[in-house]
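J.: There's a structure below that I have some questions on.
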Amino acid sequence: LAQATVKQDCFLPHFPTLNMEPFMSPHLLIADMHQRLLILCSKAACKHFQGLQQAERHLRQRLQQPQRRLLRNMDVAFAISRHIEPIRTQQLLEELHATLLSTTPTSSVVDAAQTFEKRKDENNHTEEKLA
């Protein structure tokens, strides 16, 4: 009876559909998709996985390369989205702002800006000649 229960749990009766609400927040969509993919992989393998990257490694022989890449990328996106919060976002903006204000542009950045301005002036001069 226990073996029959395990087989029942691993059976995939139908494809899980997404209940997508209009204008669903990206972080909620990522979390929902991550959960559904993890459940799908776990049921297909009859095994619990800690994350989609672990599932991808286990199911490597059964998946195509684009599917494997999608699982890895979805796992990374979920991990990143869990840590995005208003306070940390504000801290990051303030730290980056302070860093950029305290440093001077490198010569390559200055050269690129000068080249851009020079080409812009040349284009304006060419347009004036044609007019």
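We name chains A, B, ... following the order of the structure tokens; residues begin at 1 in each chain, and ligands are numbered from 1 as shown.
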Using the chain letters and numbers from this document, which residues of region 61-91 of chain A does DSSP assign to helix (DSSP H, G or I), as a list in words?
T.: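 Written out, the helix (DSSP H, G or I) residues of region 61-91 of chain A are Gln61, Arg62, Gln65, Pro66, Gln67, Arg68, Arg69, Leu70, Leu71, Arg72, Asn73, Met74, Asp75, Val76, Ala77, Phe78, Ala79, Ile80, Ser81, Arg82, Pro86, Ile87, Arg88, Thr89, Gln90 and Gln91 of chain A.
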J.: For Leu70 (chain A), work out the shell of residues within 12 Å, counting only C-alpha atoms and skipping chain neighbours fewer than 2 positions away, then give it as a list in words.
T.: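 The contact residues come out as Met33, His34, Leu37, Leu52, Gln53, Ala55, Glu56, Leu63, Gln64, Gln65, Pro66, Gln67, Arg68, Arg72, Asn73, Met74, Asp75, Val76, Ala77 and Phe78 of chain A.
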J.: Could you check how far CA of Leu100 (chain A) sits from CA of Glu85 (chain A), in Å to one decimal?
T.: 22.5 Å
J.: Tell me, as a list in words, which residues lie within 10 Å of Phe49 (chain A), counting only C-alpha atoms; anything in the same chain fewer than 5 positions away does not count.
T.: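 After dropping sequence-adjacent residues, the list is Leu38, Ile39, Cys41, Ser42, Gln54, Ala55, Glu56 and His58 of chain A.
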J.: Distance CA of Gln35 (chain A)-CA of Leu71 (chain A), one decimal place?
T.: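 Computed distance, CA of Gln35 (chain A) to CA of Leu71 (chain A), equals 11.4 Å.
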J.: Just the number, please: distance in Å from CA of His27 (chain A) to CA of Thr89 (chain A), one decimal.
T.: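 Between CA of His27 (chain A) and CA of Thr89 (chain A) the gap works out to 14.5 Å.
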